[in-house]
Amino acid sequence: MTDFLSDLNEAQKKAVEATDGAVLVIAGAGSGKTRVLTYRIAYLLSKGIDPFSILALTFTNKAASEMKERIASLVGRPKAKSLWMGTFHSVFAKILRFESERTGFPSNFTIYDTEDSKRLLKNIIKEQNFDEKEYKPAVVVNRISNAKNNLISVEEYNNDFEIQTYDSQCKRPHIGLIYKLYQQRLKKASAMDFDDLLFNTNVLLRDHPEALYKYQNKFKYILVDEYQDTNFAQYLIVKKLSANNENICVVGDDAQSIYAFRGANIQNIINFKKDYKDFSLFKLEQNYRSTKNIVDAANSVIENNKEQIKKAVWTNNEEGERIHLFNAANENEEAAVIGAKIFELMKKENFTPDNIAVLYRTNYQSRTLEESLRKLSIPYKVFGGVSFYQRKEVKDLLAYFRLIVNHYDEQAFVRIINFPARGIGDTTLNKILVAANENNVPVWDVAENPANYKVSIGSNIQNKISEFVFMIKSLKTQINKQNAYEIGKLTVNNSGIIKHYKDQETPESEMRLENIDELLNALKEFAENPDDVEGENSLKTIELFLEEAALMTDMDMEENKQNADNKSYVSLMTMHSAKGLEFPVVFLAGLEENLFPSQMSLESSAELEEERRLFYVAITRGMKKVFMSFAETRYRFGELNFCEHSRFIDEIDQKHIDDMAGIFSTFNKKPANFESFAESRSNFVSVNSIKKKQDNNTGNNDDSEFGKLSPSSLKVDMTIQHQRFGIGTIQLLEGKGENAKAHVLFNNFGKKQLLLKYAKLKILS
DNA sequence: AAAGCGGTACTTTTT
DNA sequence: GTACCGCTTT
């Protein structure tokens with residue numbers, strides 16, 4: 001029964017066999033981390049452990065379903081299905097629904113996504129007449145999210161001197177009040193946001209010891225994937241649940257911690273040894289994924305981080321090609337070259353599109369890349385950005401489902417009360433909202449019976465509201481009688497959404513209809529696939545669908561689709577979403593200062609180290625070939641910006657780089673295989689831009705007088721000359737050391753911010 | 001009440 | 001460049 005252990009190397013095998021007690025597995029990139037987790041679970045099952053008593057927490061739904069699949073192939077489907085395996089959010093959402101009697105929330109609570117949260121916050125800020133410039137929903141939502149991730153309740157937030165001082169200093173003294181009102185409104189709407197799922201689980205385990213004992217006894221073996229990305233709320237849940245027998249196994253890589261910005265605490269993994277004194281440590285250091293060049297290049301970068309657990313990642317794989325580095329005049333040329341190179345890889349080296357990924361720091365970079373790939377008819381898929389579930393028509397329809405399941409869902413109500421238009425406008429809606437607030441009742445109660453709350457609405461509009469309320473109520477009577485797909489069809493027809501878009505007859509409405517169709521297909525597939533623990537005869541209701549959809553990223557969605565239509569695409573995604581994935585060929589685009597590392601990360605070394613870890617993650621996605629590129633100019637907010645290449649490139653040991661950009665050669669000498677690149681480039685890029693490039697490379701321009709100047713030699717109002725921008729006046733000097741910057745007003749180029757570390761200047765007067 | 005127009009302020013990463 | 005807001009007109 002344990003024959004599958006022979007698939008593992010020594011370190012992996014030991015990590016699998018140490019089933020009891022606290023276990024920390026530090027797994028370098030590509031070292032078979034998922035393999036250890038799956039085999040460990042399979043091993044537990046083969047020893048007769050009940051699958052219901054194993055809790056495995058992952059970072060994404062995709063990781064969970066893939067792992068389940070692999071375990072199923074090792075020990076059989078029935079056992080694999082009975083495992084408690086999923087993301088923190090989905091597993092504990094399930095538990096919170098089950099424990100509704102203890103939580104004070106009904107079991108059909110809605111999960112608000114970030115957009116819902118922001119809209120609600122916006123409403124509250126408006127109602128309170130706070131300055132909307134100071135109180136931006138995005139900022140407020142972050143403050144509240146941070147508080148919740150650190151288990152700071154409304155009361156604690158408002159009584160904490162430090163927090164209050166900080167908010168006051170930021171000119172936002174009322175965030176505590178907003179937090180309070182926000183939680184009240186969520187409660188009234190029977191809704192939780194993402195962070196509440198973890199926060200309220202902690203409350204449940206803290207205030208209800210009988211529930212804590214129950215789950216401690218239930219989950220005899222706990223496994224946590226990507227432990228380096230857990231936040232305090234998650235950490236404490238795991239700690240509490242495992243306190244009884246300490247059969248806990250956490251797997252992670254501190255070098256790949258990239259979610260501190262949303263509360264992840266790298267100390268959780270670094271301090272594991274303090275939390276569990278009797279722990280065993282296993283290090284997986286052999287990389288099976290990438291070539292020597294890629295592994296070594298990644299190692300040379302991550303070395304620059306101070307805070308890390310020591311490990312030596314190595315590989316037995318072939319040497320492989322060096323990392324190909326190239327530059328481009330602007331983002332369009334960069335995209336064109338990447339497209340051309342992909343075209344060539346497919347044509348000459350038989351790579352398929354799904355062998356290839358283009359990774360970037362920010363979502364907006366996908367646009368130019370898409371254009372380039374479209375021109376070359378290369379099939380591609382953009383992950384992230386405006387995902388399927390965020391499209392207006394899809395969210396509208398989901399709002400119907402939400403309101404049907406949970407009438408109190410305020411955001412869903414506001415969204416669809418007048419969509420499609422049924423003559424209930426802003427004025428009426430505001431009356432209802434105000435009345436709901438004044439009487440401290442859900443909006444639904446007011447809509448159901450306005451007269452009760454002294455809302456004066458004309459009888460004409462009154463009838464329309466009643467019709468709407470009636471429609472939602474009648475659909476509710478069906479939700480436990482008909483499956484998700486049937487409810488979906490009824491909703492689409494009764495609501496008038498289909499008619500609304502059919503009447504428009506524009507290409508845009510056509511597309512929206514297609515998306516609605518796609519959602520119905522997803523419902524159908526969901527309804528007809530009895531893959532749940534509950535068994536074959538249980539009805540797949542719309543409620544169950546919503547629960548999944550709320551916590552689904554488009555990553556999970558696209559995964560299903562790709563399997564379904566079996567087409568091959570080049571993947572376009574952010575470096576963050578690429579975590580956990582691997583591709584034979586990886587392009588890293590836009591490696592420029594202020595873009596990557598992001599401008600916002602330059603203020604603290606902790607944030608800069610996180611960017612570096614992200615760079616490490618990005619490089620280590622590549623199996624065979626890694627291409628890096630940067631543009632010398634890039635449009636941002638419609639304004640032209642001149643860019644310097646990313647500092648991270650300089651941190652790679654030069655011997656691993658095939659430097660076609662010429663950044664490491666003082667004499668700008670032409671690299672050995674520049675020709676082959678120029679060739680593939682010239683097929684698609686205007687000859688002009690190449691010429692410009694080559695002129696630069698010959699070193700004809702007279703730059704002998706320009707040099708890097710120390711920040712101290714410059715003063716405001718000085719007139720300086722820049723190699724490219726010509727003559728200008730210094731307006732402002734900021735930053736220290738590496739980050740010293742000068743704001744210069746150029747005569748012909750307008751205002752520019754120059755990093756003194758790179759800018760070559762000449763002082764004129 | 002709804003659609004259309006023009007000005008404005010943004011873009012880090014996501015369960 | 002674009003998403004979003006508030007103003008206008010019908």
# chains A, B, ... in the order shown; residues from 1 in each chain; ligands from 1
>>> residues_around(residues="C:DT10", least_positions_apart="6", cutoff="12 Å", atoms="only C-alpha atoms (C1' of nucleotides)", output="ChimeraX atom specification")
/B:1-4
>>> write_last_selection(atoms="N, CA and C atoms (P, O5', C5', C4', C3', O3' and C1' of nucleotides)", output="CSV table (one decimal), in the first residue's frame")
chain,number,residue,atom,x,y,z
B,1,DA,P,-37.8,59.3,-10.4
B,1,DA,O5',-37.8,59.1,-12.0
B,1,DA,C5',-38.5,58.0,-12.5
B,1,DA,C4',-38.0,57.6,-13.9
B,1,DA,C3',-36.6,56.9,-13.8
B,1,DA,O3',-36.5,55.9,-14.8
B,1,DA,C1',-36.4,58.9,-15.1
B,2,DA,P,-35.3,55.0,-15.0
B,2,DA,O5',-34.6,55.6,-16.3
B,2,DA,C5',-35.4,55.6,-17.5
B,2,DA,C4',-34.5,56.1,-18.7
B,2,DA,C3',-33.1,55.5,-18.7
B,2,DA,O3',-32.8,55.3,-20.1
B,2,DA,C1',-32.9,57.8,-18.6
B,3,DA,P,-31.5,54.4,-20.5
B,3,DA,O5',-30.8,55.2,-21.6
B,3,DA,C5',-31.7,56.0,-22.5
B,3,DA,C4',-30.9,57.2,-23.0
B,3,DA,C3',-29.4,56.9,-23.3
B,3,DA,O3',-29.0,57.6,-24.5
B,3,DA,C1',-29.6,58.7,-21.8
B,4,DG,P,-27.6,57.3,-25.2
B,4,DG,O5',-27.3,58.7,-25.9
B,4,DG,C5',-28.0,59.9,-25.7
B,4,DG,C4',-27.0,61.0,-25.3
B,4,DG,C3',-25.5,60.8,-25.6
B,4,DG,O3',-25.0,62.0,-26.1
B,4,DG,C1',-25.8,61.3,-23.4
>>> select_by_dssp(residues="stretch 220-253 of chain A", states="strand (DSSP E or B)", output="list in words")
Tyr221, Ile222, Leu223, Val224, Asn231, Ile248, Cys249, Val250, Val251 and Gly252 of chain A
>>> write_last_selection(atoms="N, CA, C and O atoms", output="compact mmCIF listing (two decimals), in the first residue's frame")
# COMPACT_ATOMS: atom_id res chain seq x y z
N TYR A 221 -5.74 15.61 11.68
CA TYR A 221 -4.54 15.94 10.92
C TYR A 221 -4.80 17.20 10.12
O TYR A 221 -5.74 17.28 9.34
N ILE A 222 -3.95 18.20 10.33
CA ILE A 222 -4.12 19.47 9.63
C ILE A 222 -2.89 19.75 8.77
O ILE A 222 -1.76 19.59 9.23
N LEU A 223 -3.15 20.13 7.52
CA LEU A 223 -2.05 20.47 6.62
C LEU A 223 -2.31 21.86 6.04
O LEU A 223 -3.45 22.18 5.69
N VAL A 224 -1.28 22.66 5.96
CA VAL A 224 -1.43 24.00 5.40
C VAL A 224 -0.40 24.22 4.31
O VAL A 224 0.81 24.08 4.54
N ASN A 231 -2.06 35.02 7.09
CA ASN A 231 -2.08 36.21 7.93
C ASN A 231 -2.38 35.80 9.38
O ASN A 231 -2.54 34.62 9.68
N ILE A 248 0.22 18.76 13.02
CA ILE A 248 0.11 19.82 12.03
C ILE A 248 1.32 19.85 11.13
O ILE A 248 2.45 19.72 11.57
N CYS A 249 1.04 19.99 9.85
CA CYS A 249 2.12 20.03 8.88
C CYS A 249 1.95 21.27 8.03
O CYS A 249 0.92 21.44 7.37
N VAL A 250 2.91 22.15 8.08
CA VAL A 250 2.83 23.34 7.24
C VAL A 250 3.94 23.30 6.20
O VAL A 250 5.06 22.88 6.48
N VAL A 251 3.58 23.71 5.00
CA VAL A 251 4.52 23.67 3.88
C VAL A 251 4.62 25.06 3.28
O VAL A 251 3.61 25.74 3.14
N GLY A 252 5.82 25.48 2.99
CA GLY A 252 5.94 26.79 2.38
C GLY A 252 7.36 27.14 2.04
O GLY A 252 8.28 26.35 2.21
>>> closest_residue(among="A:Arg374, A:Arg172, A:His208, A:Arg367", to="C:DG1", atoms="only C-alpha atoms (C1' of nucleotides)")
A:Arg367
>>> select_by_dssp(residues="stretch 115-276 of chain A", states="helix (DSSP H, G or I)", output="NGL selection string")
:A and (115-127 or 137-149 or 154-159 or 161-169 or 175-188 or 194-207 or 209-218 or 227-229 or 232-242 or 254-256 or 260-262 or 267-270 or 272-275)
>>> residues_around(residues="stretch 10-15 of chain B", least_positions_apart="2", cutoff="7 Å", atoms="only C-alpha atoms (C1' of nucleotides)", output="list in words")
His89, Phe194, Thr362, Leu551, His576 and Ser598 of chain A
>>> closest_atom_pairs(of="chain A", to="chain B", cutoff="10 Å", atoms="only C-alpha atoms (C1' of nucleotides)", output="JSON lines")
{"residue": "A:Phe59", "atom": "CA", "partner": "B:DT15", "partner_atom": "C1'", "distance": 7.8}
{"residue": "A:Thr60", "atom": "CA", "partner": "B:DT15", "partner_atom": "C1'", "distance": 7.6}
{"residue": "A:Asn61", "atom": "CA", "partner": "B:DT15", "partner_atom": "C1'", "distance": 9.4}
{"residue": "A:Thr87", "atom": "CA", "partner": "B:DT15", "partner_atom": "C1'", "distance": 8.1}
{"residue": "A:Phe88", "atom": "CA", "partner": "B:DT15", "partner_atom": "C1'", "distance": 8.4}
{"residue": "A:His89", "atom": "CA", "partner": "B:DT15", "partner_atom": "C1'", "distance": 6.8}
{"residue": "A:Ser90", "atom": "CA", "partner": "B:DT15", "partner_atom": "C1'", "distance": 9.2}
{"residue": "A:Asp113", "atom": "CA", "partner": "B:DT15", "partner_atom": "C1'", "distance": 9.6}
{"residue": "A:Thr114", "atom": "CA", "partner": "B:DT14", "partner_atom": "C1'", "distance": 9.7}
{"residue": "A:Phe194", "atom": "CA", "partner": "B:DT15", "partner_atom": "C1'", "distance": 6.9}
{"residue": "A:Asp195", "atom": "CA", "partner": "B:DT15", "partner_atom": "C1'", "distance": 8.8}
{"residue": "A:Ile258", "atom": "CA", "partner": "B:DT13", "partner_atom": "C1'", "distance": 8.3}
{"residue": "A:Tyr259", "atom": "CA", "partner": "B:DT13", "partner_atom": "C1'", "distance": 7.7}
{"residue": "A:Ala260", "atom": "CA", "partner": "B:DT13", "partner_atom": "C1'", "distance": 9.8}
{"residue": "A:Phe261", "atom": "CA", "partner": "B:DT13", "partner_atom": "C1'", "distance": 7.7}
{"residue": "A:Arg262", "atom": "CA", "partner": "B:DT14", "partner_atom": "C1'", "distance": 8.0}
{"residue": "A:Arg361", "atom": "CA", "partner": "B:DT12", "partner_atom": "C1'", "distance": 7.5}
{"residue": "A:Thr362", "atom": "CA", "partner": "B:DT12", "partner_atom": "C1'", "distance": 6.2}
{"residue": "A:Asn363", "atom": "CA", "partner": "B:DT11", "partner_atom": "C1'", "distance": 8.5}
{"residue": "A:Tyr364", "atom": "CA", "partner": "B:DT11", "partner_atom": "C1'", "distance": 7.3}
{"residue": "A:Gly384", "atom": "CA", "partner": "B:DT14", "partner_atom": "C1'", "distance": 9.4}
{"residue": "A:Ala421", "atom": "CA", "partner": "B:DA2", "partner_atom": "C1'", "distance": 8.8}
{"residue": "A:Arg422", "atom": "CA", "partner": "B:DA1", "partner_atom": "C1'", "distance": 9.8}
{"residue": "A:Gly423", "atom": "CA", "partner": "B:DA1", "partner_atom": "C1'", "distance": 6.8}
{"residue": "A:Ile424", "atom": "CA", "partner": "B:DA1", "partner_atom": "C1'", "distance": 8.1}
{"residue": "A:Gly425", "atom": "CA", "partner": "B:DA1", "partner_atom": "C1'", "distance": 6.2}
{"residue": "A:Asp426", "atom": "CA", "partner": "B:DA1", "partner_atom": "C1'", "distance": 8.5}
{"residue": "A:Thr427", "atom": "CA", "partner": "B:DA1", "partner_atom": "C1'", "distance": 9.4}
{"residue": "A:Ala550", "atom": "CA", "partner": "B:DT15", "partner_atom": "C1'", "distance": 9.9}
{"residue": "A:Leu551", "atom": "CA", "partner": "B:DT15", "partner_atom": "C1'", "distance": 7.0}
{"residue": "A:Met552", "atom": "CA", "partner": "B:DT15", "partner_atom": "C1'", "distance": 8.5}
{"residue": "A:Thr553", "atom": "CA", "partner": "B:DT15", "partner_atom": "C1'", "distance": 8.1}
{"residue": "A:Thr574", "atom": "CA", "partner": "B:DT13", "partner_atom": "C1'", "distance": 8.0}
{"residue": "A:Met575", "atom": "CA", "partner": "B:DT13", "partner_atom": "C1'", "distance": 8.3}
{"residue": "A:His576", "atom": "CA", "partner": "B:DT13", "partner_atom": "C1'", "distance": 6.3}
{"residue": "A:Ser577", "atom": "CA", "partner": "B:DT14", "partner_atom": "C1'", "distance": 8.5}
{"residue": "A:Leu595", "atom": "CA", "partner": "B:DT12", "partner_atom": "C1'", "distance": 8.9}
{"residue": "A:Phe596", "atom": "CA", "partner": "B:DT12", "partner_atom": "C1'", "distance": 9.5}
{"residue": "A:Pro597", "atom": "CA", "partner": "B:DT12", "partner_atom": "C1'", "distance": 9.8}
{"residue": "A:Ser598", "atom": "CA", "partner": "B:DT12", "partner_atom": "C1'", "distance": 6.9}
{"residue": "A:Gln599", "atom": "CA", "partner": "B:DT12", "partner_atom": "C1'", "distance": 8.9}
{"residue": "A:Met600", "atom": "CA", "partner": "B:DT12", "partner_atom": "C1'", "distance": 7.8}
{"residue": "A:Ser601", "atom": "CA", "partner": "B:DT12", "partner_atom": "C1'", "distance": 9.0}
{"residue": "A:Glu611", "atom": "CA", "partner": "B:DT13", "partner_atom": "C1'", "distance": 9.6}
{"residue": "A:Leu614", "atom": "CA", "partner": "B:DT13", "partner_atom": "C1'", "distance": 9.5}
{"residue": "A:Arg636", "atom": "CA", "partner": "B:DT11", "partner_atom": "C1'", "distance": 8.8}
{"residue": "A:Phe637", "atom": "CA", "partner": "B:DC10", "partner_atom": "C1'", "distance": 7.6}
>>> atom_distance(atom1="atom CA of A:Glu318", atom2="atom CA of A:Gly590")
28.1 Å
>>> atom_distance(atom1="atom CA of A:Leu608", atom2="atom CA of A:Ile266")
14.2 Å
>>> atom_distance(atom1="atom CA of A:Ala399", atom2="atom CA of A:Ala412")
4.6 Å
>>> decode(residues="chain C", atoms="N, CA and C atoms (P, O5', C5', C4', C3', O3' and C1' of nucleotides)", output="PDB file, in the first residue's frame")
ATOM      1  P    DG C   1      -6.236  57.498 -26.603  1.00  0.00           P
ATOM      2  O5'  DG C   1      -6.178  55.928 -26.359  1.00  0.00           O
ATOM      3  C5'  DG C   1      -5.119  55.443 -25.544  1.00  0.00           C
ATOM      4  C4'  DG C   1      -5.665  54.844 -24.253  1.00  0.00           C
ATOM      5  C3'  DG C   1      -7.191  54.888 -24.099  1.00  0.00           C
ATOM      6  O3'  DG C   1      -7.662  53.620 -23.700  1.00  0.00           O
ATOM      7  C1'  DG C   1      -6.154  55.846 -22.209  1.00  0.00           C
ATOM      8  P    DT C   2      -9.147  53.158 -23.948  1.00  0.00           P
ATOM      9  O5'  DT C   2      -9.771  53.222 -22.483  1.00  0.00           O
ATOM     10  C5'  DT C   2      -9.228  52.419 -21.436  1.00  0.00           C
ATOM     11  C4'  DT C   2      -9.914  52.810 -20.143  1.00  0.00           C
ATOM     12  C3'  DT C   2     -11.418  53.055 -20.307  1.00  0.00           C
ATOM     13  O3'  DT C   2     -12.096  52.653 -19.137  1.00  0.00           O
ATOM     14  C1'  DT C   2     -10.445  54.944 -19.410  1.00  0.00           C
ATOM     15  P    DA C   3     -12.885  51.317 -19.066  1.00  0.00           P
ATOM     16  O5'  DA C   3     -13.354  51.283 -17.543  1.00  0.00           O
ATOM     17  C5'  DA C   3     -12.397  51.353 -16.495  1.00  0.00           C
ATOM     18  C4'  DA C   3     -12.874  52.306 -15.414  1.00  0.00           C
ATOM     19  C3'  DA C   3     -14.380  52.311 -15.160  1.00  0.00           C
ATOM     20  O3'  DA C   3     -14.599  52.349 -13.760  1.00  0.00           O
ATOM     21  C1'  DA C   3     -13.666  54.495 -15.629  1.00  0.00           C
ATOM     22  P    DC C   4     -16.013  52.105 -13.112  1.00  0.00           P
ATOM     23  O5'  DC C   4     -16.336  53.459 -12.353  1.00  0.00           O
ATOM     24  C5'  DC C   4     -15.281  54.190 -11.697  1.00  0.00           C
ATOM     25  C4'  DC C   4     -15.680  55.641 -11.610  1.00  0.00           C
ATOM     26  C3'  DC C   4     -17.178  55.865 -11.369  1.00  0.00           C
ATOM     27  O3'  DC C   4     -17.359  56.726 -10.269  1.00  0.00           O
ATOM     28  C1'  DC C   4     -16.413  57.233 -13.119  1.00  0.00           C
ATOM     29  P    DC C   5     -18.772  56.820  -9.540  1.00  0.00           P
ATOM     30  O5'  DC C   5     -18.971  58.382  -9.362  1.00  0.00           O
ATOM     31  C5'  DC C   5     -17.859  59.239  -9.087  1.00  0.00           C
ATOM     32  C4'  DC C   5     -18.152  60.610  -9.660  1.00  0.00           C
ATOM     33  C3'  DC C   5     -19.589  61.074  -9.420  1.00  0.00           C
ATOM     34  O3'  DC C   5     -19.584  62.262  -8.648  1.00  0.00           O
ATOM     35  C1'  DC C   5     -18.934  61.364 -11.711  1.00  0.00           C
ATOM     36  P    DG C   6     -20.975  62.684  -7.914  1.00  0.00           P
ATOM     37  O5'  DG C   6     -21.420  63.931  -8.801  1.00  0.00           O
ATOM     38  C5'  DG C   6     -20.507  64.994  -9.056  1.00  0.00           C
ATOM     39  C4'  DG C   6     -20.965  65.744 -10.296  1.00  0.00           C
ATOM     40  C3'  DG C   6     -22.414  66.255 -10.220  1.00  0.00           C
ATOM     41  O3'  DG C   6     -22.449  67.584 -10.721  1.00  0.00           O
ATOM     42  C1'  DG C   6     -22.108  65.019 -12.188  1.00  0.00           C
ATOM     43  P    DC C   7     -23.624  68.584 -10.273  1.00  0.00           P
ATOM     44  O5'  DC C   7     -24.123  69.159 -11.686  1.00  0.00           O
ATOM     45  C5'  DC C   7     -23.217  69.859 -12.542  1.00  0.00           C
ATOM     46  C4'  DC C   7     -23.559  69.559 -13.983  1.00  0.00           C
ATOM     47  C3'  DC C   7     -24.993  69.918 -14.384  1.00  0.00           C
ATOM     48  O3'  DC C   7     -25.022  71.214 -15.002  1.00  0.00           O
ATOM     49  C1'  DC C   7     -24.265  67.830 -15.333  1.00  0.00           C
ATOM     50  P    DT C   8     -26.485  71.852 -15.228  1.00  0.00           P
ATOM     51  O5'  DT C   8     -26.891  71.188 -16.616  1.00  0.00           O
ATOM     52  C5'  DT C   8     -26.273  71.607 -17.847  1.00  0.00           C
ATOM     53  C4'  DT C   8     -26.633  70.627 -18.953  1.00  0.00           C
ATOM     54  C3'  DT C   8     -28.085  70.693 -19.407  1.00  0.00           C
ATOM     55  O3'  DT C   8     -28.217  71.595 -20.502  1.00  0.00           O
ATOM     56  C1'  DT C   8     -27.325  68.419 -19.176  1.00  0.00           C
ATOM     57  P    DT C   9     -29.670  72.104 -20.876  1.00  0.00           P
ATOM     58  O5'  DT C   9     -30.245  70.908 -21.759  1.00  0.00           O
ATOM     59  C5'  DT C   9     -29.534  70.470 -22.939  1.00  0.00           C
ATOM     60  C4'  DT C   9     -30.067  69.103 -23.369  1.00  0.00           C
ATOM     61  C3'  DT C   9     -31.520  69.116 -23.868  1.00  0.00           C
ATOM     62  O3'  DT C   9     -31.605  68.514 -25.149  1.00  0.00           O
ATOM     63  C1'  DT C   9     -31.222  67.434 -22.204  1.00  0.00           C
ATOM     64  P    DT C  10     -32.887  68.729 -26.007  1.00  0.00           P
ATOM     65  O5'  DT C  10     -33.789  67.479 -25.644  1.00  0.00           O
ATOM     66  C5'  DT C  10     -33.875  66.361 -26.525  1.00  0.00           C
ATOM     67  C4'  DT C  10     -34.537  65.206 -25.795  1.00  0.00           C
ATOM     68  C3'  DT C  10     -36.064  65.231 -25.893  1.00  0.00           C
ATOM     69  O3'  DT C  10     -36.494  64.159 -26.754  1.00  0.00           O
ATOM     70  C1'  DT C  10     -35.279  64.687 -23.694  1.00  0.00           C
TER      71       DT C  10
END
